[in-house]
$ cat entry24.pdb   # PDB, C-alpha atoms
ATOM      1  CA  MET A 221     102.823  93.144 145.425
ATOM      2  CA  GLN A 222     101.481  92.188 142.022
ATOM      3  CA  HIS A 223     100.851  95.834 141.119
ATOM      4  CA  LEU A 224     104.535  96.742 141.201
ATOM      5  CA  LYS A 225     105.306  98.701 138.061
ATOM      6  CA  GLN A 226     108.485 100.490 137.103
ATOM      7  CA  ARG A 227     108.180 103.576 134.940
ATOM      8  CA  SER A 228     110.191 104.174 131.778
ATOM      9  CA  LEU A 229     112.954 106.481 132.929
ATOM     10  CA  HIS A 230     114.372 108.105 129.830
ATOM     11  CA  MET A 231     111.480 110.447 129.169
ATOM     12  CA  PRO A 232     111.991 113.966 130.582
ATOM     13  CA  SER A 233     109.166 115.808 132.282
ATOM     14  CA  SER A 234     106.948 117.396 129.621
ATOM     15  CA  ARG A 235     106.907 120.773 131.350
ATOM     16  CA  PRO A 236     108.452 122.497 134.345
ATOM     17  CA  ALA A 237     106.450 122.025 137.538
ATOM     18  CA  LYS A 238     106.109 124.264 140.576
ATOM     19  CA  ILE A 239     107.383 122.240 143.507
ATOM     20  CA  ALA A 240     108.006 122.869 147.189
ATOM     21  CA  VAL A 241     110.293 120.720 149.307
ATOM     22  CA  ILE A 242     109.684 120.820 153.053
ATOM     23  CA  GLY A 243     112.838 119.915 154.953
ATOM     24  CA  SER A 244     116.420 120.835 154.122
ATOM     25  CA  GLY A 245     118.379 118.036 155.706
ATOM     26  CA  LEU A 246     120.740 115.933 153.624
ATOM     27  CA  MET A 247     117.941 114.092 151.827
ATOM     28  CA  GLY A 248     115.585 117.043 151.454
ATOM     29  CA  SER A 249     118.394 119.171 150.038
ATOM     30  CA  ALA A 250     119.357 116.452 147.556
ATOM     31  CA  LEU A 251     115.735 116.092 146.435
ATOM     32  CA  ALA A 252     115.288 119.841 145.998
ATOM     33  CA  ARG A 253     118.482 120.217 143.978
ATOM     34  CA  ALA A 254     117.528 117.268 141.755
ATOM     35  CA  PHE A 255     114.131 118.804 140.965
ATOM     36  CA  ALA A 256     115.776 122.141 140.180
ATOM     37  CA  ALA A 257     118.429 120.490 138.009
ATOM     38  CA  ALA A 258     115.605 118.939 135.965
ATOM     39  CA  GLY A 259     114.285 122.433 135.236
ATOM     40  CA  HIS A 260     111.533 122.718 137.813
ATOM     41  CA  ASP A 261     110.629 125.784 139.880
ATOM     42  CA  VAL A 262     111.595 124.685 143.384
ATOM     43  CA  ALA A 263     110.778 126.393 146.680
ATOM     44  CA  VAL A 264     112.469 125.112 149.832
ATOM     45  CA  TRP A 265     111.609 125.602 153.475
ATOM     46  CA  ASN A 266     113.145 124.498 156.745
ATOM     47  CA  ARG A 267     112.521 125.370 160.392
ATOM     48  CA  THR A 268     116.025 126.811 160.421
ATOM     49  CA  SER A 269     115.885 129.256 157.522
ATOM     50  CA  SER A 270     119.663 129.274 157.051
ATOM     51  CA  LYS A 271     119.524 125.577 156.124
ATOM     52  CA  ALA A 272     116.956 126.308 153.420
ATOM     53  CA  SER A 273     119.103 129.158 152.084
ATOM     54  CA  ALA A 274     122.095 126.814 151.934
ATOM     55  CA  VAL A 275     120.375 124.312 149.619
ATOM     56  CA  GLY A 276     121.165 126.360 146.517
ATOM     57  CA  GLY A 277     121.292 124.620 143.161
ATOM     58  CA  GLY A 278     118.714 126.938 141.653
ATOM     59  CA  THR A 279     116.177 126.545 144.468
ATOM     60  CA  VAL A 280     114.467 129.489 146.193
ATOM     61  CA  ALA A 281     114.375 129.546 149.994
ATOM     62  CA  PHE A 282     111.308 130.815 151.865
ATOM     63  CA  GLU A 283     111.073 131.811 155.505
ATOM     64  CA  SER A 284     107.296 131.358 155.495
ATOM     65  CA  LEU A 285     106.068 127.782 155.012
ATOM     66  CA  THR A 286     102.658 129.005 153.887
ATOM     67  CA  LYS A 287     104.234 131.112 151.155
ATOM     68  CA  ALA A 288     106.574 128.293 150.172
ATOM     69  CA  VAL A 289     103.721 125.847 149.467
ATOM     70  CA  SER A 290     101.132 128.289 148.087
ATOM     71  CA  GLY A 291     100.436 127.783 144.400
ATOM     72  CA  ARG A 292     102.640 124.684 144.174
ATOM     73  CA  GLU A 293     101.273 121.673 142.326
ATOM     74  CA  LEU A 294     103.574 119.253 144.120
ATOM     75  CA  VAL A 295     104.795 119.480 147.722
ATOM     76  CA  VAL A 296     107.403 116.970 148.874
ATOM     77  CA  VAL A 297     107.953 116.410 152.601
ATOM     78  CA  SER A 298     111.305 115.058 153.801
ATOM     79  CA  LEU A 299     111.580 115.349 157.576
ATOM     80  CA  SER A 300     112.957 113.241 160.399
ATOM     81  CA  ASN A 301     109.673 111.472 161.187
ATOM     82  CA  TYR A 302     105.910 111.722 160.763
ATOM     83  CA  ALA A 303     105.455 113.446 164.101
ATOM     84  CA  ALA A 304     107.621 116.315 162.853
ATOM     85  CA  SER A 305     105.682 116.296 159.592
ATOM     86  CA  PHE A 306     102.280 116.527 161.274
ATOM     87  CA  GLU A 307     103.556 119.301 163.526
ATOM     88  CA  VAL A 308     104.710 121.331 160.535
ATOM     89  CA  LEU A 309     101.574 120.687 158.489
ATOM     90  CA  SER A 310      99.327 121.700 161.399
ATOM     91  CA  ALA A 311     100.831 125.194 161.569
ATOM     92  CA  PRO A 312      98.268 127.989 160.967
ATOM     93  CA  GLY A 313      97.412 128.490 157.307
ATOM     94  CA  VAL A 314      99.432 125.561 155.949
ATOM     95  CA  ALA A 315      96.531 123.157 155.331
ATOM     96  CA  ALA A 316      94.574 125.859 153.529
ATOM     97  CA  ALA A 317      97.592 126.684 151.359
ATOM     98  CA  LEU A 318      97.957 123.001 150.447
ATOM     99  CA  SER A 319      94.321 122.516 149.445
ATOM    100  CA  GLY A 320      94.108 121.276 145.865
ATOM    101  CA  THR A 321      97.778 120.311 145.620
ATOM    102  CA  THR A 322      99.496 116.918 145.790
ATOM    103  CA  LEU A 323     101.508 116.071 148.878
ATOM    104  CA  VAL A 324     104.238 113.463 148.505
ATOM    105  CA  GLN A 325     105.332 112.176 151.890
ATOM    106  CA  LEU A 326     108.959 111.060 151.650
ATOM    107  CA  THR A 327     109.474 110.930 155.409
ATOM    108  CA  SER A 328     110.394 107.441 156.633
ATOM    109  CA  GLY A 329     107.709 105.726 158.667
ATOM    110  CA  SER A 330     105.421 102.750 159.061
ATOM    111  CA  PRO A 331     102.229 101.779 157.187
ATOM    112  CA  SER A 332     100.151 103.158 160.080
ATOM    113  CA  ASP A 333     101.951 106.504 159.687
ATOM    114  CA  ALA A 334     101.030 106.473 156.009
ATOM    115  CA  ARG A 335      97.375 105.794 156.818
ATOM    116  CA  ALA A 336      97.345 108.698 159.260
ATOM    117  CA  GLY A 337      98.891 110.908 156.585
ATOM    118  CA  LEU A 338      96.211 109.975 154.075
ATOM    119  CA  ALA A 339      93.466 110.676 156.619
ATOM    120  CA  TRP A 340      94.927 114.147 157.231
ATOM    121  CA  ALA A 341      95.179 114.827 153.511
ATOM    122  CA  LYS A 342      91.585 113.763 152.812
ATOM    123  CA  GLU A 343      90.343 115.960 155.643
ATOM    124  CA  HIS A 344      92.051 118.994 154.108
ATOM    125  CA  GLY A 345      91.345 118.398 150.422
ATOM    126  CA  VAL A 346      94.909 117.402 149.548
ATOM    127  CA  ASP A 347      95.895 114.636 147.115
ATOM    128  CA  TYR A 348      98.366 112.325 148.820
ATOM    129  CA  LEU A 349     101.079 109.865 147.863
ATOM    130  CA  ASP A 350     103.111 108.050 150.475
ATOM    131  CA  ALA A 351     106.611 107.257 149.302
ATOM    132  CA  ALA A 352     109.802 105.572 150.461
ATOM    133  CA  ILE A 353     113.222 106.256 149.004
ATOM    134  CA  LEU A 354     115.804 103.498 148.892
ATOM    135  CA  ALA A 355     118.965 105.536 148.464
ATOM    136  CA  TYR A 356     121.554 107.639 150.218
ATOM    137  CA  PRO A 357     121.318 111.385 149.504
ATOM    138  CA  SER A 358     124.275 111.183 147.116
ATOM    139  CA  PHE A 359     122.380 108.600 145.035
ATOM    140  CA  VAL A 360     119.372 110.846 144.350
ATOM    141  CA  ALA A 361     118.717 111.252 140.602
ATOM    142  CA  THR A 362     121.126 108.433 139.722
ATOM    143  CA  ASP A 363     120.682 104.840 138.566
ATOM    144  CA  TYR A 364     121.166 103.753 142.194
ATOM    145  CA  ALA A 365     118.062 105.468 143.575
ATOM    146  CA  THR A 366     114.645 103.865 143.820
ATOM    147  CA  VAL A 367     111.482 105.476 145.157
ATOM    148  CA  TYR A 368     108.393 103.419 145.950
ATOM    149  CA  TYR A 369     104.988 105.107 145.775
ATOM    150  CA  ALA A 370     101.585 104.139 147.149
ATOM    151  CA  GLY A 371      98.202 105.775 146.853
ATOM    152  CA  SER A 372      95.903 106.834 144.038
ATOM    153  CA  ARG A 373      97.159 105.567 140.696
ATOM    154  CA  PRO A 374      95.736 108.552 138.770
ATOM    155  CA  VAL A 375      97.511 110.944 141.161
ATOM    156  CA  PHE A 376     100.790 109.071 140.689
ATOM    157  CA  ASP A 377     100.419 109.031 136.905
ATOM    158  CA  ARG A 378      99.722 112.771 136.876
ATOM    159  CA  HIS A 379     103.087 113.516 138.495
ATOM    160  CA  ALA A 380     105.140 110.512 137.410
ATOM    161  CA  ASP A 381     107.300 112.354 134.880
ATOM    162  CA  THR A 382     108.125 115.060 137.425
ATOM    163  CA  LEU A 383     108.907 112.499 140.121
ATOM    164  CA  GLN A 384     111.424 110.819 137.843
ATOM    165  CA  SER A 385     113.635 113.852 138.445
ATOM    166  CA  ILE A 386     114.603 112.442 141.851
ATOM    167  CA  ALA A 387     114.937 108.751 141.033
ATOM    168  CA  LYS A 388     115.664 106.916 137.842
ATOM    169  CA  ASN A 389     113.537 104.070 139.215
ATOM    170  CA  SER A 390     110.060 105.271 140.162
ATOM    171  CA  VAL A 391     108.001 102.282 141.243
ATOM    172  CA  TYR A 392     104.257 102.388 141.831
ATOM    173  CA  VAL A 393     103.450  99.708 144.396
ATOM    174  CA  ASP A 394      99.738  99.685 145.187
ATOM    175  CA  GLU A 395      96.626 101.743 145.921
ATOM    176  CA  LYS A 396      96.896 100.710 149.582
ATOM    177  CA  ILE A 397      98.556 103.740 151.131
ATOM    178  CA  GLY A 398     100.802 101.693 153.447
ATOM    179  CA  ALA A 399     102.209  99.549 150.633
ATOM    180  CA  ALA A 400     105.319 101.638 149.930
ATOM    181  CA  ALA A 401     106.287 101.765 153.613
ATOM    182  CA  THR A 402     105.679  98.020 153.937
ATOM    183  CA  LEU A 403     107.895  97.202 150.974
ATOM    184  CA  ASP A 404     110.564  99.611 152.210
ATOM    185  CA  CYS A 405     110.606  98.049 155.689
ATOM    186  CA  ALA A 406     110.708  94.545 154.191
ATOM    187  CA  ILE A 407     113.703  95.380 151.993
ATOM    188  CA  LEU A 408     115.486  97.144 154.836
ATOM    189  CA  GLU A 409     114.915  94.215 157.193
ATOM    190  CA  ALA A 410     116.510  91.897 154.638
ATOM    191  CA  TYR A 411     119.370  94.374 154.260
ATOM    192  CA  TYR A 412     119.994  94.932 157.980
ATOM    193  CA  GLY A 413     119.540  91.284 158.883
ATOM    194  CA  GLY A 414     121.800  90.138 156.070
ATOM    195  CA  SER A 415     124.425  92.754 156.960
ATOM    196  CA  LEU A 416     124.480  91.650 160.597
ATOM    197  CA  ALA A 417     124.793  88.040 159.465
ATOM    198  CA  PHE A 418     127.820  88.604 157.242
ATOM    199  CA  LEU A 419     129.495  90.842 159.834
ATOM    200  CA  HIS A 420     129.051  88.147 162.483
ATOM    201  CA  ALA A 421     130.399  85.605 160.008
ATOM    202  CA  ALA A 422     133.496  87.763 159.500
ATOM    203  CA  ALA A 423     133.896  88.015 163.291
ATOM    204  CA  MET A 424     133.806  84.212 163.556
ATOM    205  CA  CYS A 425     136.531  83.928 160.943
ATOM    206  CA  LYS A 426     138.762  86.466 162.664
ATOM    207  CA  ALA A 427     138.234  84.854 166.076
ATOM    208  CA  GLU A 428     139.362  81.505 164.649
ATOM    209  CA  GLY A 429     142.450  83.007 163.039
ATOM    210  CA  LEU A 430     141.080  82.976 159.498
ATOM    211  CA  ASP A 431     141.507  86.213 157.561
ATOM    212  CA  PRO A 432     137.962  87.603 156.953
ATOM    213  CA  LYS A 433     139.085  88.249 153.364
ATOM    214  CA  ALA A 434     138.738  84.506 152.788
ATOM    215  CA  PHE A 435     135.074  84.749 153.777
ATOM    216  CA  PHE A 436     134.302  87.881 151.766
ATOM    217  CA  ALA A 437     135.927  86.263 148.724
ATOM    218  CA  GLN A 438     133.053  83.745 148.870
ATOM    219  CA  LYS A 439     130.407  86.462 148.658
ATOM    220  CA  ASN A 440     128.831  84.973 145.544
ATOM    221  CA  SER A 441     128.382  81.658 147.343
ATOM    222  CA  PHE A 442     126.269  82.946 150.227
ATOM    223  CA  LEU A 443     124.422  85.480 148.069
ATOM    224  CA  GLY A 444     123.646  82.675 145.651
ATOM    225  CA  LEU A 445     122.206  80.538 148.447
ATOM    226  CA  ILE A 446     120.026  83.433 149.594
ATOM    227  CA  SER A 447     118.798  84.002 146.036
ATOM    228  CA  VAL A 448     117.912  80.341 145.505
ATOM    229  CA  THR A 449     116.124  80.186 148.867
ATOM    230  CA  ALA A 450     114.186  83.400 148.169
ATOM    231  CA  ASP A 451     112.978  82.023 144.831
ATOM    232  CA  ALA A 452     111.913  78.760 146.455
ATOM    233  CA  ALA A 453     110.241  80.544 149.367
ATOM    234  CA  GLN A 454     108.162  82.714 147.044
ATOM    235  CA  GLY A 455     106.506  79.695 145.448
ATOM    236  CA  MET A 456     106.117  77.808 148.712
ATOM    237  CA  ILE A 457     104.494  80.754 150.473
ATOM    238  CA  GLU A 458     102.142  81.284 147.547
ATOM    239  CA  LYS A 459     101.056  77.630 147.611
ATOM    240  CA  ASN A 460     101.316  77.286 151.403
ATOM    241  CA  ASP A 461     103.243  74.088 150.786
ATOM    242  CA  PHE A 462     106.733  73.739 152.275
ATOM    243  CA  THR A 463     107.399  70.104 151.479
ATOM    244  CA  GLY A 464     110.464  69.138 149.492
ATOM    245  CA  ASP A 465     113.390  66.779 149.167
ATOM    246  CA  GLN A 466     116.394  69.138 149.288
ATOM    247  CA  CYS A 467     117.251  69.800 152.930
ATOM    248  CA  SER A 468     114.993  69.465 155.944
ATOM    249  CA  LEU A 469     114.597  72.110 158.610
ATOM    250  CA  ASN A 470     116.052  69.600 161.085
ATOM    251  CA  THR A 471     119.297  69.592 159.099
ATOM    252  CA  HIS A 472     119.426  73.392 159.036
ATOM    253  CA  VAL A 473     118.913  73.514 162.808
ATOM    254  CA  ALA A 474     121.884  71.207 163.301
ATOM    255  CA  ALA A 475     124.015  73.531 161.160
ATOM    256  CA  ILE A 476     122.996  76.577 163.182
ATOM    257  CA  GLU A 477     123.878  74.730 166.395
ATOM    258  CA  HIS A 478     127.444  74.405 165.041
ATOM    259  CA  ILE A 479     127.531  78.172 164.473
ATOM    260  CA  VAL A 480     126.420  78.807 168.050
ATOM    261  CA  ARG A 481     129.096  76.436 169.371
ATOM    262  CA  LEU A 482     131.801  78.068 167.270
ATOM    263  CA  SER A 483     130.783  81.514 168.552
ATOM    264  CA  GLN A 484     130.827  80.370 172.161
ATOM    265  CA  ASP A 485     134.136  78.518 171.799
ATOM    266  CA  ALA A 486     135.722  81.535 170.126
ATOM    267  CA  ARG A 487     134.334  83.793 172.871
ATOM    268  CA  ILE A 488     132.563  86.192 170.554
ATOM    269  CA  SER A 489     128.933  87.252 170.824
ATOM    270  CA  ALA A 490     126.598  84.320 170.223
ATOM    271  CA  ARG A 491     123.486  86.470 170.562
ATOM    272  CA  PHE A 492     122.721  86.612 166.839
ATOM    273  CA  PRO A 493     123.106  82.893 166.021
ATOM    274  CA  LYS A 494     121.184  82.001 169.197
ATOM    275  CA  GLU A 495     118.306  84.180 167.999
ATOM    276  CA  LEU A 496     118.429  82.409 164.650
ATOM    277  CA  LEU A 497     118.447  79.034 166.381
ATOM    278  CA  ASP A 498     115.471  79.949 168.555
ATOM    279  CA  ASN A 499     113.393  80.916 165.527
ATOM    280  CA  TYR A 500     114.273  77.785 163.585
ATOM    281  CA  LYS A 501     113.728  75.526 166.617
ATOM    282  CA  ARG A 502     110.326  77.089 167.131
ATOM    283  CA  ALA A 503     109.319  75.833 163.699
ATOM    284  CA  VAL A 504     110.653  72.363 164.527
ATOM    285  CA  SER A 505     108.656  72.374 167.778
ATOM    286  CA  VAL A 506     105.402  72.613 165.813
ATOM    287  CA  ASP A 507     106.262  69.583 163.657
ATOM    288  CA  LEU A 508     107.765  71.420 160.680
ATOM    289  CA  GLY A 509     111.198  69.788 161.031
ATOM    290  CA  SER A 510     110.776  67.493 158.023
ATOM    291  CA  GLN A 511     109.853  70.379 155.713
ATOM    292  CA  GLU A 512     112.092  72.790 153.811
ATOM    293  CA  LEU A 513     113.706  75.893 155.363
ATOM    294  CA  PRO A 514     110.983  78.366 154.217
ATOM    295  CA  ALA A 515     108.531  76.502 156.503
ATOM    296  CA  VAL A 516     109.798  78.849 159.236
ATOM    297  CA  PHE A 517     107.506  81.414 157.594
ATOM    298  CA  ARG A 518     104.507  79.733 159.215
ATOM    299  CA  THR A 519     105.770  80.520 162.719
ATOM    300  CA  LEU A 520     106.643  84.113 161.837
ATOM    301  CA  THR A 521     103.052  85.069 161.047
ATOM    302  CA  GLN A 522     102.083  84.767 164.712
ATOM    303  CA  ASP A 523     103.558  86.247 167.876
TER
END
$ encode --input "entry24.pdb" --output "structure tokens"
Amino acid sequence: MQHLKQRSLHMPSSRPAKIAVIGSGLMGSALARAFAAAGHDVAVWNRTSSKASAVGGGTVAFESLTKAVSGRELVVVSLSNYAASFEVLSAPGVAAALSGTTLVQLTSGSPSDARAGLAWAKEHGVDYLDAAILAYPSFVATDYATVYYAGSRPVFDRHADTLQSIAKNSVYVDEKIGAAATLDCAILEAYYGGSLAFLHAAAMCKAEGLDPKAFFAQKNSFLGLISVTADAAQGMIEKNDFTGDQCSLNTHVAAIEHIVRLSQDARISARFPKELLDNYKRAVSVDLGSQELPAVFRTLTQD
């Protein structure tokens, strides 16, 4: 992702924009209120009109979706999934009302969803940005929110100041429309996988009579190891060279076998460490055992 670029975030939008937010769930409501708080003219719409009316914060609720999006320069979609989004956008008159505007899809999905969204937008004369927000609703418009954008760079630049209203970190990823969703899924996989790992680690400690606080007190140790490995992996993947003299994959496999044994002996779930072991052993089975840990990458690029 060499095109990743973070915008300067202390420059307010040069002028108020006319925005519509489709979807009034927790995230959609937070987005709408953040735009309004930044001084923008914000229309909101939801299938259940009472939810749109409850958004408040200076927003204006519409019962008609067509009226809500008509004349808006920026329309932000925040729904449960792309199927719901396509269903809403295919309602009579909506596509025509959106013609000439910019649609920002902030509904979570996959890169293929993003490509389908772009195809729909092109067919109906709508500029399109696919986006992914890395934040809880309460983090919107704070230093803890990041939104990744993919699509036309000129379209992003045209609205960048306005989009900063919802996230202090607005990151343009790439022209490839699926890039934001890809980066989002990659970060979330690291988050969910890492979270499951440290929760299982805490369970091992408790099962062996060790207060999990002793493990969590060593947070900087395991996070440091992950950071060092990520830095090493980046260079190795780029060069496609996983040789080294630090610690062979064979040694790591032996360590994971101890984790599996501990889990089984302590009678807690060994499913997670067994899955780890299977993936690492697969790399050893194709003669990568003498290479460094990131060599596992080679076996993850094929089914």
$ residues_around --input "entry24.pdb" --residues "region 292-299 of chain A" --least-positions-apart "2" --cutoff "6 Å" --atoms "only C-alpha atoms" --output "ChimeraX atom specification"
/A:238-243,248,289-290,301,321-327
$ residues_around --input "entry24.pdb" --residues "region 315-320 of chain A" --least-positions-apart "3" --cutoff "10 Å" --atoms "all atoms listed in the file" --output "PyMOL selection string"
chain A and resi 285-295+308-312+323+340-347
$ axis_aligned_box --input "entry24.pdb" --around "region 275-289 of chain A" --padding-each-side "5 Å" --output "JSON"
{"center_x": 112.0, "center_y": 128.1, "center_z": 148.6, "size_x": 28.6, "size_y": 17.5, "size_z": 23.9}
$ residues_around --input "entry24.pdb" --residues "region 410-415 of chain A" --least-positions-apart "3" --cutoff "12 Å" --atoms "only C-alpha atoms" --output "PDB file with C-alpha atoms, keeping the file's coordinate frame"
ATOM      1  CA  LEU A 354     115.804 103.498 148.892  1.00  0.00           C
ATOM      2  CA  LEU A 403     107.895  97.202 150.974  1.00  0.00           C
ATOM      3  CA  ASP A 404     110.564  99.611 152.210  1.00  0.00           C
ATOM      4  CA  CYS A 405     110.606  98.049 155.689  1.00  0.00           C
ATOM      5  CA  ALA A 406     110.708  94.545 154.191  1.00  0.00           C
ATOM      6  CA  ILE A 407     113.703  95.380 151.993  1.00  0.00           C
ATOM      7  CA  PHE A 418     127.820  88.604 157.242  1.00  0.00           C
ATOM      8  CA  LEU A 419     129.495  90.842 159.834  1.00  0.00           C
ATOM      9  CA  HIS A 420     129.051  88.147 162.483  1.00  0.00           C
ATOM     10  CA  ALA A 421     130.399  85.605 160.008  1.00  0.00           C
ATOM     11  CA  ALA A 422     133.496  87.763 159.500  1.00  0.00           C
ATOM     12  CA  LYS A 439     130.407  86.462 148.658  1.00  0.00           C
ATOM     13  CA  PHE A 442     126.269  82.946 150.227  1.00  0.00           C
ATOM     14  CA  LEU A 443     124.422  85.480 148.069  1.00  0.00           C
ATOM     15  CA  ILE A 446     120.026  83.433 149.594  1.00  0.00           C
ATOM     16  CA  SER A 447     118.798  84.002 146.036  1.00  0.00           C
ATOM     17  CA  ALA A 450     114.186  83.400 148.169  1.00  0.00           C
ATOM     18  CA  PHE A 492     122.721  86.612 166.839  1.00  0.00           C
ATOM     19  CA  PRO A 493     123.106  82.893 166.021  1.00  0.00           C
ATOM     20  CA  GLU A 495     118.306  84.180 167.999  1.00  0.00           C
ATOM     21  CA  LEU A 496     118.429  82.409 164.650  1.00  0.00           C
TER      22      LEU A 496
END
$ atom_distance --input "entry24.pdb" --atom1 "CA of Leu513 (chain A)" --atom2 "CA of Leu469 (chain A)"
5.1 Å
$ resolve_selection --input "entry24.pdb" --expression "the PyMOL selection byres ((chain A and resi 258) around 12)" --output "mmCIF file with C-alpha atoms, in the frame of the given file"
data_model
loop_
_atom_site.group_PDB
_atom_site.id
_atom_site.type_symbol
_atom_site.label_atom_id
_atom_site.label_comp_id
_atom_site.auth_asym_id
_atom_site.auth_seq_id
_atom_site.Cartn_x
_atom_site.Cartn_y
_atom_site.Cartn_z
ATOM 1 C CA MET A 231 111.480 110.447 129.169
ATOM 2 C CA PRO A 232 111.991 113.966 130.582
ATOM 3 C CA SER A 233 109.166 115.808 132.282
ATOM 4 C CA SER A 234 106.948 117.396 129.621
ATOM 5 C CA ARG A 235 106.907 120.773 131.350
ATOM 6 C CA PRO A 236 108.452 122.497 134.345
ATOM 7 C CA ALA A 237 106.450 122.025 137.538
ATOM 8 C CA LYS A 238 106.109 124.264 140.576
ATOM 9 C CA ILE A 239 107.383 122.240 143.507
ATOM 10 C CA LEU A 251 115.735 116.092 146.435
ATOM 11 C CA ALA A 252 115.288 119.841 145.998
ATOM 12 C CA ARG A 253 118.482 120.217 143.978
ATOM 13 C CA ALA A 254 117.528 117.268 141.755
ATOM 14 C CA PHE A 255 114.131 118.804 140.965
ATOM 15 C CA ALA A 256 115.776 122.141 140.180
ATOM 16 C CA ALA A 257 118.429 120.490 138.009
ATOM 17 C CA GLY A 259 114.285 122.433 135.236
ATOM 18 C CA HIS A 260 111.533 122.718 137.813
ATOM 19 C CA ASP A 261 110.629 125.784 139.880
ATOM 20 C CA VAL A 262 111.595 124.685 143.384
ATOM 21 C CA GLY A 277 121.292 124.620 143.161
ATOM 22 C CA GLY A 278 118.714 126.938 141.653
ATOM 23 C CA THR A 279 116.177 126.545 144.468
ATOM 24 C CA ALA A 361 118.717 111.252 140.602
ATOM 25 C CA ASP A 381 107.300 112.354 134.880
ATOM 26 C CA THR A 382 108.125 115.060 137.425
ATOM 27 C CA LEU A 383 108.907 112.499 140.121
ATOM 28 C CA GLN A 384 111.424 110.819 137.843
ATOM 29 C CA SER A 385 113.635 113.852 138.445
ATOM 30 C CA ILE A 386 114.603 112.442 141.851
ATOM 31 C CA ALA A 387 114.937 108.751 141.033
#
$ atom_distance --input "entry24.pdb" --atom1 "CA of Gly245 (chain A)" --atom2 "CA of Ala352 (chain A)"
16.0 Å
$ atom_distance --input "entry24.pdb" --atom1 "CA of Glu428 (chain A)" --atom2 "CA of Ala490 (chain A)"
14.2 Å
$ residues_around --input "entry24.pdb" --residues "Tyr369 (chain A)" --least-positions-apart "3" --cutoff "7 Å" --atoms "only C-alpha atoms" --output "number ranges by chain"
A: 349-352, 391-393, 400
$ closest_residue --input "entry24.pdb" --among "A:Ala423, A:Thr402, A:His472, A:Ser505" --to "Ala486 (chain A)" --atoms "all atoms listed in the file"
A:Ala423
$ closest_residue --input "entry24.pdb" --among "A:Ala399, A:Ile457, A:Ile476, A:Ala250" --to "Pro331 (chain A)" --atoms "all atoms listed in the file"
A:Ala399
$ residues_around --input "entry24.pdb" --residues "Ser269 (chain A)" --least-positions-apart "4" --cutoff "8 Å" --atoms "only C-alpha atoms" --output "tab-separated table (two decimals) with C-alpha atoms, keeping the file's coordinate frame"
chain	number	residue	atom	x	y	z
A	265	TRP	CA	111.61	125.60	153.48
A	273	SER	CA	119.10	129.16	152.08
A	281	ALA	CA	114.38	129.55	149.99
A	282	PHE	CA	111.31	130.82	151.86
A	283	GLU	CA	111.07	131.81	155.50
$ resolve_selection --input "entry24.pdb" --expression "the PyMOL selection byres ((chain A and resi 518) around 10)" --output "number ranges by chain"
A: 457, 460, 462, 503, 506, 508, 514-517, 519-522
$ write_last_selection --input "entry24.pdb" --atoms "C-alpha atoms" --output "PDB file, in the frame of the given file"
ATOM      1  CA  ILE A 457     104.494  80.754 150.473  1.00  0.00           C
ATOM      2  CA  ASN A 460     101.316  77.286 151.403  1.00  0.00           C
ATOM      3  CA  PHE A 462     106.733  73.739 152.275  1.00  0.00           C
ATOM      4  CA  ALA A 503     109.319  75.833 163.699  1.00  0.00           C
ATOM      5  CA  VAL A 506     105.402  72.613 165.813  1.00  0.00           C
ATOM      6  CA  LEU A 508     107.765  71.420 160.680  1.00  0.00           C
ATOM      7  CA  PRO A 514     110.983  78.366 154.217  1.00  0.00           C
ATOM      8  CA  ALA A 515     108.531  76.502 156.503  1.00  0.00           C
ATOM      9  CA  VAL A 516     109.798  78.849 159.236  1.00  0.00           C
ATOM     10  CA  PHE A 517     107.506  81.414 157.594  1.00  0.00           C
ATOM     11  CA  THR A 519     105.770  80.520 162.719  1.00  0.00           C
ATOM     12  CA  LEU A 520     106.643  84.113 161.837  1.00  0.00           C
ATOM     13  CA  THR A 521     103.052  85.069 161.047  1.00  0.00           C
ATOM     14  CA  GLN A 522     102.083  84.767 164.712  1.00  0.00           C
TER      15      GLN A 522
END
$ closest_residue --input "entry24.pdb" --among "A:Gln511, A:Arg491, A:Leu246, A:Asn266" --to "Met456 (chain A)" --atoms "only C-alpha atoms"
A:Gln511
$ closest_residue --input "entry24.pdb" --among "A:Ala380, A:Val275, A:Val280, A:Met424" --to "His478 (chain A)" --atoms "all atoms listed in the file"
A:Met424
$ closest_residue --input "entry24.pdb" --among "A:Ser372, A:Gln466, A:Thr366, A:Ser300" --to "Met247 (chain A)" --atoms "all atoms listed in the file"
A:Ser300
$ closest_residue --input "entry24.pdb" --among "A:Phe359, A:Ala303, A:Tyr500, A:Leu416" --to "Ser330 (chain A)" --atoms "all atoms listed in the file"
A:Ala303
$ resolve_selection --input "entry24.pdb" --expression "the PyMOL selection byres ((chain A and resi 332) around 12)" --output "MDAnalysis selection string"
chainID A and resid 302 328:331 333:339 350 396:402
